[in-house]
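Only one structure is covered here, and it is reproduced in the block below.
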Amino acid sequence: MSHMMGYRRSDGTVGIRNHLLIIPTVICSNQVVNRISQMVPETVAIPHQHGCSQIGADKDRTFEVLAGTGRNPNVGGVIIISLGCEVVDPHALADAIRPTGKLVEVFDIQSAGGSVKAIQHGVEIARKMRAELEAMKPEPIPLSELIIGVKCGGSDATSGLASNPALGAAADKLIQQGGGVVIGETTEIIGAEHVLASRCATQETADQLYHIVDRFEKEVERMGADMRGGNPSPGNIAGGLTTIEEKSLGCISKCGNAPIQGIVEYAERLPKHGLYFMDSPGNDIECVSGMAAGGAHLVCFTTGRGTPTGSAVVPVIKITGNKRMFERMNDNMDIDVSDMLEGTLSLEDAGERVWREIQEVANGKLTKAEILGHTEFSINRIGPSL
Amino acid sequence: MAGHQIEAGADALVMDARDHVATAIKDLQPGQKISYRVQDQVRELELLDAIPFGHKVAIQDVAQGTDIRKYGEIIGRTTADIRAGQHVHVHNVEGIRGRGDQAVKG
């Protein structure tokens, strides 16, 4: 399999899904957005807590995550629902998404005349847009156009021993095919940054990697607390991980062995080919949402403790090296590589298993998180609410 | 680091020859003799503590204040003397990085 079936957008990007996305520009629009999504189930809603009482870089980050999610190539059409007085400008948001060539509609609840009328109007638009999306036909696309995110969450000791190395082997295969891979979680390379820095393609990128880790660590110092207990979390510790250094050293193997070509900002648009590092928190939902806003098509997510989380516009493949958890939380897990720990599954075969699943999901196979309707979405904040 | 091949039937894994610890891949009991491999050598160790699945056991005596290694890299510093066969975790190892608590004191 060297191709996937995708939707070619007019800006040249390719989607492996064809979602109709409903974006509230502010928390005050959430209920209207949720109601519309309930009434037109073939839509994805991204309710969030933000969009008001924000300034500066923090406001810009919220805007960029919303715009990036709308621009994600898996999205075929976007409805933006504003209250009418928030700091995230709904028309600027629509203008940031429109160059992709996809269908974009925007309206506000204050002008529509309240919730009931806004819901009614939104449902009409959603049904019409959904019909237009149904008419689009996917076509064969080379795998070299695929961009995946690699993420771990709810880690335990099996993550560093089995599932992360297996995912790394699959990431290497995608890079060999000419595709793109993004790894994030600046927090979770603390203590392992020297290993990744030695793999950066240029000294400038290595310096930048040290800089973003240092910046993060200074934030922890400002908080005056030991990271341990927050990260590694109580669950990580119960699973055998003792320090952030140990967790980080287990984390980094999930991106394979390719050189790191560059560092991108949180939610920044991802280059199409090669391995990149996104400066992002370890928080699962914020990190995956940042990758999706950057244009990743799907995310491979390893876990040992077990987590159900998915993502609004990208399929999330769950991979584990913990057999007991795989059996206990089977409805949330896509791939079990725990036989690596028994010595009966080689790293190469485990990587091949993950790589095959990536190709199948890129060709339309639904992940467990998609089947269960996990569409988690969260925006990283860098400033106070006013 | 990622290229290791795991032996069938092992009780615990050592990721690198420089490591002070092995990771249990079964629930292990005190008094139990376990075997683990370091490169081409199979070694044995009698456990002094229960080691739950995924947790670490010291494979050599480690003095308090030592930088302790797994994956061949430093994962923290010991806060007590640890004997070979003892459980290695948050009760006897602390992180060195991300210590905002010490920045305030210091």
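Residues are referred to by chain and number: the chain letter is A, B, ... according to the order shown in the structure tokens, the number counts from 1 in that chain, and ligands are numbered separately from 1 in the order shown.
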DSSP alpha helix (DSSP H) residues within region 236-347 of chain A, listed as a ChimeraX atom specification: /A:236-238,244-251,284-293,323-328,339-342,347
Store the residues picked out above, limited to N, CA, C and O atoms, as a CSV table (one decimal), in the first residue's frame.
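The result, stored in result-v4.csv:
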```
chain,number,residue,atom,x,y,z
A,236,ASN,N,1.3,8.0,36.4
A,236,ASN,CA,2.6,7.6,35.9
A,236,ASN,C,3.4,7.0,37.0
A,236,ASN,O,4.1,6.0,36.8
A,237,ILE,N,3.4,7.6,38.2
A,237,ILE,CA,4.1,7.1,39.3
A,237,ILE,C,3.7,5.7,39.8
A,237,ILE,O,4.5,4.8,40.0
A,238,ALA,N,2.3,5.5,39.8
A,238,ALA,CA,1.8,4.2,40.1
A,238,ALA,C,2.2,3.2,39.1
A,238,ALA,O,2.4,2.0,39.4
A,244,ILE,N,10.6,13.0,36.1
A,244,ILE,CA,10.4,13.5,34.8
A,244,ILE,C,11.5,13.0,33.8
A,244,ILE,O,11.2,12.7,32.6
A,245,GLU,N,12.7,12.9,34.4
A,245,GLU,CA,13.8,12.5,33.5
A,245,GLU,C,13.6,11.1,32.9
A,245,GLU,O,13.7,10.8,31.8
A,246,GLU,N,13.1,10.2,33.8
A,246,GLU,CA,12.9,8.8,33.4
A,246,GLU,C,11.7,8.7,32.4
A,246,GLU,O,11.8,8.1,31.4
A,247,LYS,N,10.7,9.5,32.7
A,247,LYS,CA,9.5,9.6,31.7
A,247,LYS,C,10.0,10.1,30.4
A,247,LYS,O,9.7,9.5,29.3
A,248,SER,N,10.8,11.2,30.4
A,248,SER,CA,11.2,11.8,29.1
A,248,SER,C,12.1,10.9,28.3
A,248,SER,O,11.9,10.8,27.1
A,249,LEU,N,13.0,10.1,29.0
A,249,LEU,CA,13.9,9.2,28.3
A,249,LEU,C,13.1,8.1,27.6
A,249,LEU,O,13.5,7.6,26.6
A,250,GLY,N,11.9,7.8,28.2
A,250,GLY,CA,11.0,6.8,27.6
A,250,GLY,C,10.2,7.4,26.5
A,250,GLY,O,9.9,6.7,25.5
A,251,CYS,N,9.9,8.7,26.6
A,251,CYS,CA,9.0,9.4,25.7
A,251,CYS,C,9.6,9.5,24.3
A,251,CYS,O,8.9,9.4,23.3
A,284,ASP,N,-2.3,16.2,27.3
A,284,ASP,CA,-2.7,15.4,26.1
A,284,ASP,C,-3.6,16.2,25.1
A,284,ASP,O,-3.3,16.2,23.9
A,285,ILE,N,-4.6,16.8,25.6
A,285,ILE,CA,-5.6,17.4,24.7
A,285,ILE,C,-5.0,18.6,24.1
A,285,ILE,O,-5.2,18.9,22.9
A,286,GLU,N,-4.3,19.4,24.9
A,286,GLU,CA,-3.7,20.7,24.4
A,286,GLU,C,-2.7,20.3,23.3
A,286,GLU,O,-2.6,21.0,22.3
A,287,CYS,N,-1.9,19.3,23.6
A,287,CYS,CA,-0.8,19.0,22.6
A,287,CYS,C,-1.4,18.5,21.3
A,287,CYS,O,-1.0,18.9,20.2
A,288,VAL,N,-2.4,17.5,21.4
A,288,VAL,CA,-3.0,16.9,20.2
A,288,VAL,C,-3.7,18.0,19.4
A,288,VAL,O,-3.7,18.1,18.2
A,289,SER,N,-4.4,18.9,20.1
A,289,SER,CA,-5.1,20.0,19.4
A,289,SER,C,-4.2,20.9,18.7
A,289,SER,O,-4.5,21.4,17.6
A,290,GLY,N,-3.0,21.1,19.3
A,290,GLY,CA,-2.0,21.9,18.6
A,290,GLY,C,-1.4,21.3,17.4
A,290,GLY,O,-1.2,21.9,16.3
A,291,MET,N,-1.2,20.0,17.4
A,291,MET,CA,-0.8,19.2,16.2
A,291,MET,C,-1.9,19.3,15.1
A,291,MET,O,-1.5,19.5,14.0
A,292,ALA,N,-3.1,19.1,15.5
A,292,ALA,CA,-4.2,19.1,14.6
A,292,ALA,C,-4.3,20.5,13.9
A,292,ALA,O,-4.5,20.7,12.7
A,293,ALA,N,-4.1,21.6,14.8
A,293,ALA,CA,-4.2,22.9,14.2
A,293,ALA,C,-3.0,23.2,13.3
A,293,ALA,O,-3.1,24.0,12.4
A,323,LYS,N,-0.4,-5.2,28.5
A,323,LYS,CA,-1.4,-6.2,28.1
A,323,LYS,C,-2.6,-6.2,29.0
A,323,LYS,O,-3.8,-6.3,28.6
A,324,ARG,N,-2.4,-6.0,30.3
A,324,ARG,CA,-3.5,-6.0,31.3
A,324,ARG,C,-4.5,-4.8,31.0
A,324,ARG,O,-5.7,-5.0,31.0
A,325,MET,N,-3.9,-3.7,30.7
A,325,MET,CA,-4.7,-2.5,30.4
A,325,MET,C,-5.4,-2.7,29.0
A,325,MET,O,-6.6,-2.4,28.8
A,326,PHE,N,-4.7,-3.3,28.0
A,326,PHE,CA,-5.3,-3.6,26.7
A,326,PHE,C,-6.6,-4.4,26.9
A,326,PHE,O,-7.6,-4.2,26.2
A,327,GLU,N,-6.5,-5.4,27.8
A,327,GLU,CA,-7.7,-6.3,28.0
A,327,GLU,C,-8.8,-5.5,28.8
A,327,GLU,O,-9.9,-5.7,28.5
A,328,ARG,N,-8.3,-4.7,29.8
A,328,ARG,CA,-9.3,-4.1,30.6
A,328,ARG,C,-10.0,-2.9,29.9
A,328,ARG,O,-11.2,-2.7,30.0
A,339,ASP,N,3.4,-8.0,23.5
A,339,ASP,CA,4.2,-9.2,23.3
A,339,ASP,C,5.7,-8.8,23.1
A,339,ASP,O,6.6,-9.7,23.2
A,340,MET,N,6.0,-7.6,22.9
A,340,MET,CA,7.4,-7.2,22.8
A,340,MET,C,8.1,-7.5,24.2
A,340,MET,O,9.2,-7.9,24.3
A,341,LEU,N,7.3,-7.3,25.3
A,341,LEU,CA,7.9,-7.5,26.6
A,341,LEU,C,8.0,-9.0,26.9
A,341,LEU,O,8.8,-9.4,27.8
A,342,GLU,N,7.3,-9.8,26.2
A,342,GLU,CA,7.4,-11.3,26.4
A,342,GLU,C,8.5,-11.8,25.6
A,342,GLU,O,8.9,-13.0,25.7
A,347,LEU,N,10.8,-5.7,17.7
A,347,LEU,CA,10.6,-4.2,17.5
A,347,LEU,C,10.2,-3.9,16.1
A,347,LEU,O,9.3,-3.2,15.8
```
Counting only C-alpha atoms, what are the residues of chain B within 7 Å of chain A, and for each of them which pair of atoms is the nearest and at what distance in Å, to one decimal? Sort the table by chain and rising number, as JSON lines.
```
{"residue": "B:Ala2", "atom": "CA", "partner": "A:Pro165", "partner_atom": "CA", "distance": 5.3}
{"residue": "B:Gln5", "atom": "CA", "partner": "A:Ser346", "partner_atom": "CA", "distance": 6.7}
{"residue": "B:Ile6", "atom": "CA", "partner": "A:Gly343", "partner_atom": "CA", "distance": 4.8}
{"residue": "B:Glu7", "atom": "CA", "partner": "A:Gly343", "partner_atom": "CA", "distance": 4.8}
{"residue": "B:Ala8", "atom": "CA", "partner": "A:Gly343", "partner_atom": "CA", "distance": 4.0}
{"residue": "B:Gly9", "atom": "CA", "partner": "A:Glu342", "partner_atom": "CA", "distance": 6.3}
{"residue": "B:Ile25", "atom": "CA", "partner": "A:Leu341", "partner_atom": "CA", "distance": 6.9}
{"residue": "B:Gly54", "atom": "CA", "partner": "A:Ala157", "partner_atom": "CA", "distance": 4.9}
{"residue": "B:His55", "atom": "CA", "partner": "A:Gly240", "partner_atom": "CA", "distance": 4.2}
{"residue": "B:Lys56", "atom": "CA", "partner": "A:Gly240", "partner_atom": "CA", "distance": 6.9}
{"residue": "B:Ile75", "atom": "CA", "partner": "A:Glu246", "partner_atom": "CA", "distance": 4.7}
{"residue": "B:Gly76", "atom": "CA", "partner": "A:Thr243", "partner_atom": "CA", "distance": 6.6}
{"residue": "B:His89", "atom": "CA", "partner": "A:Thr242", "partner_atom": "CA", "distance": 5.3}
{"residue": "B:Val90", "atom": "CA", "partner": "A:Thr242", "partner_atom": "CA", "distance": 5.4}
{"residue": "B:Glu94", "atom": "CA", "partner": "A:Thr243", "partner_atom": "CA", "distance": 6.6}
{"residue": "B:Gly95", "atom": "CA", "partner": "A:Thr243", "partner_atom": "CA", "distance": 5.0}
{"residue": "B:Arg97", "atom": "CA", "partner": "A:Gly191", "partner_atom": "CA", "distance": 6.8}
{"residue": "B:Gly98", "atom": "CA", "partner": "A:Met227", "partner_atom": "CA", "distance": 5.3}
{"residue": "B:Arg99", "atom": "CA", "partner": "A:Asp226", "partner_atom": "CA", "distance": 4.5}
{"residue": "B:Gly100", "atom": "CA", "partner": "A:Glu221", "partner_atom": "CA", "distance": 3.7}
{"residue": "B:Asp101", "atom": "CA", "partner": "A:Ala225", "partner_atom": "CA", "distance": 4.2}
{"residue": "B:Ala103", "atom": "CA", "partner": "A:Glu221", "partner_atom": "CA", "distance": 5.8}
{"residue": "B:Val104", "atom": "CA", "partner": "A:Gly224", "partner_atom": "CA", "distance": 5.6}
```
Expected answer as an MDAnalysis selection string: strand (DSSP E) residues in region 24-214 of chain A: chainID A and resid 24 44:45 75:82 103:108 139:142 147:152 180:183
Write out as a CSV table (one decimal) with N, CA and C atoms, in the first residue's frame which residues come within 8 Å of Ile16 (chain A) when counting only C-alpha atoms, dropping same-chain ones fewer than 3 positions away.
```csv
chain,number,residue,atom,x,y,z
A,4,MET,N,-3.1,6.4,-0.2
A,4,MET,CA,-4.3,6.5,0.7
A,4,MET,C,-5.4,7.1,-0.1
A,5,MET,N,-6.6,7.0,0.4
A,5,MET,CA,-7.7,7.7,-0.3
A,5,MET,C,-8.0,9.0,0.5
A,6,GLY,N,-7.8,10.1,-0.2
A,6,GLY,CA,-8.0,11.4,0.4
A,6,GLY,C,-8.8,12.4,-0.4
A,7,TYR,N,-9.1,13.5,0.3
A,7,TYR,CA,-9.9,14.5,-0.4
A,7,TYR,C,-8.9,15.7,-0.7
A,73,PRO,N,-6.6,19.9,6.9
A,73,PRO,CA,-7.1,19.3,5.7
A,73,PRO,C,-8.2,18.2,5.8
A,74,ASN,N,-8.4,17.7,7.0
A,74,ASN,CA,-9.5,16.7,7.3
A,74,ASN,C,-10.8,17.4,7.3
A,297,HIS,N,-2.5,15.0,10.0
A,297,HIS,CA,-3.7,14.3,9.5
A,297,HIS,C,-4.2,13.3,10.5
A,362,ALA,N,-5.5,5.9,7.5
A,362,ALA,CA,-5.4,7.0,6.4
A,362,ALA,C,-6.3,6.6,5.3
A,363,ASN,N,-6.7,5.3,5.2
A,363,ASN,CA,-7.6,4.9,4.1
A,363,ASN,C,-9.0,4.8,4.6
A,364,GLY,N,-9.3,5.3,5.7
A,364,GLY,CA,-10.7,5.4,6.1
A,364,GLY,C,-11.2,4.5,7.3
```
Contact residues around Val264 (chain A) with only C-alpha atoms at 8 Å, ignoring same-chain residues under 5 positions, as a list in words: Arg269, Leu270, Tyr276, Phe277, Met278 and Asp279 of chain A
Would you put the residues from that selection into a file with C-alpha atoms, as a PDB file, in the first residue's frame?
```pdb
ATOM      1  CA  ARG A 269       1.568  25.126  10.263  1.00  0.00           C
ATOM      2  CA  LEU A 270       3.654  21.960   9.854  1.00  0.00           C
ATOM      3  CA  TYR A 276       9.684  18.388  13.447  1.00  0.00           C
ATOM      4  CA  PHE A 277       9.344  19.273  17.123  1.00  0.00           C
ATOM      5  CA  MET A 278       6.320  21.351  18.200  1.00  0.00           C
ATOM      6  CA  ASP A 279       6.884  23.466  21.319  1.00  0.00           C
TER       7      ASP A 279
END
```
Surrounding residues of Glu132 (chain A) excluding itself and chain neighbours under 3 positions, 10 Å, only C-alpha atoms, as a ChimeraX atom specification: /A:76-77,103,126-129,135-136
Print the selection's residues with C-alpha atoms to a file, as an mmCIF file, in the first residue's frame.
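Printed below is out_22.cif as written:
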```cif
data_model
loop_
_atom_site.group_PDB
_atom_site.id
_atom_site.type_symbol
_atom_site.label_atom_id
_atom_site.label_comp_id
_atom_site.auth_asym_id
_atom_site.auth_seq_id
_atom_site.Cartn_x
_atom_site.Cartn_y
_atom_site.Cartn_z
ATOM 1 C CA GLY A 76 -14.166 20.020 4.340
ATOM 2 C CA GLY A 77 -16.399 22.821 5.601
ATOM 3 C CA LEU A 103 -16.790 26.129 2.465
ATOM 4 C CA ALA A 126 -25.137 22.574 8.398
ATOM 5 C CA ARG A 127 -27.567 20.325 6.480
ATOM 6 C CA LYS A 128 -26.878 22.171 3.233
ATOM 7 C CA MET A 129 -23.100 22.086 3.698
ATOM 8 C CA ALA A 135 -20.849 14.908 -3.037
ATOM 9 C CA MET A 136 -17.043 15.105 -2.793
#
```
Residue nearest Ser155 (chain A) among A:Gly51, A:Gly235, A:Ile335, A:Thr375 (counting only C-alpha atoms):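 Distance minimum relative to Ser155 (chain A) lands on A:Gly235.
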Residue among A:Leu167, A:Leu143, A:Leu83, A:Leu174 lying closest to Ser29 (chain A), counting only C-alpha atoms: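 Closest residue, counting only C-alpha atoms: A:Leu83.
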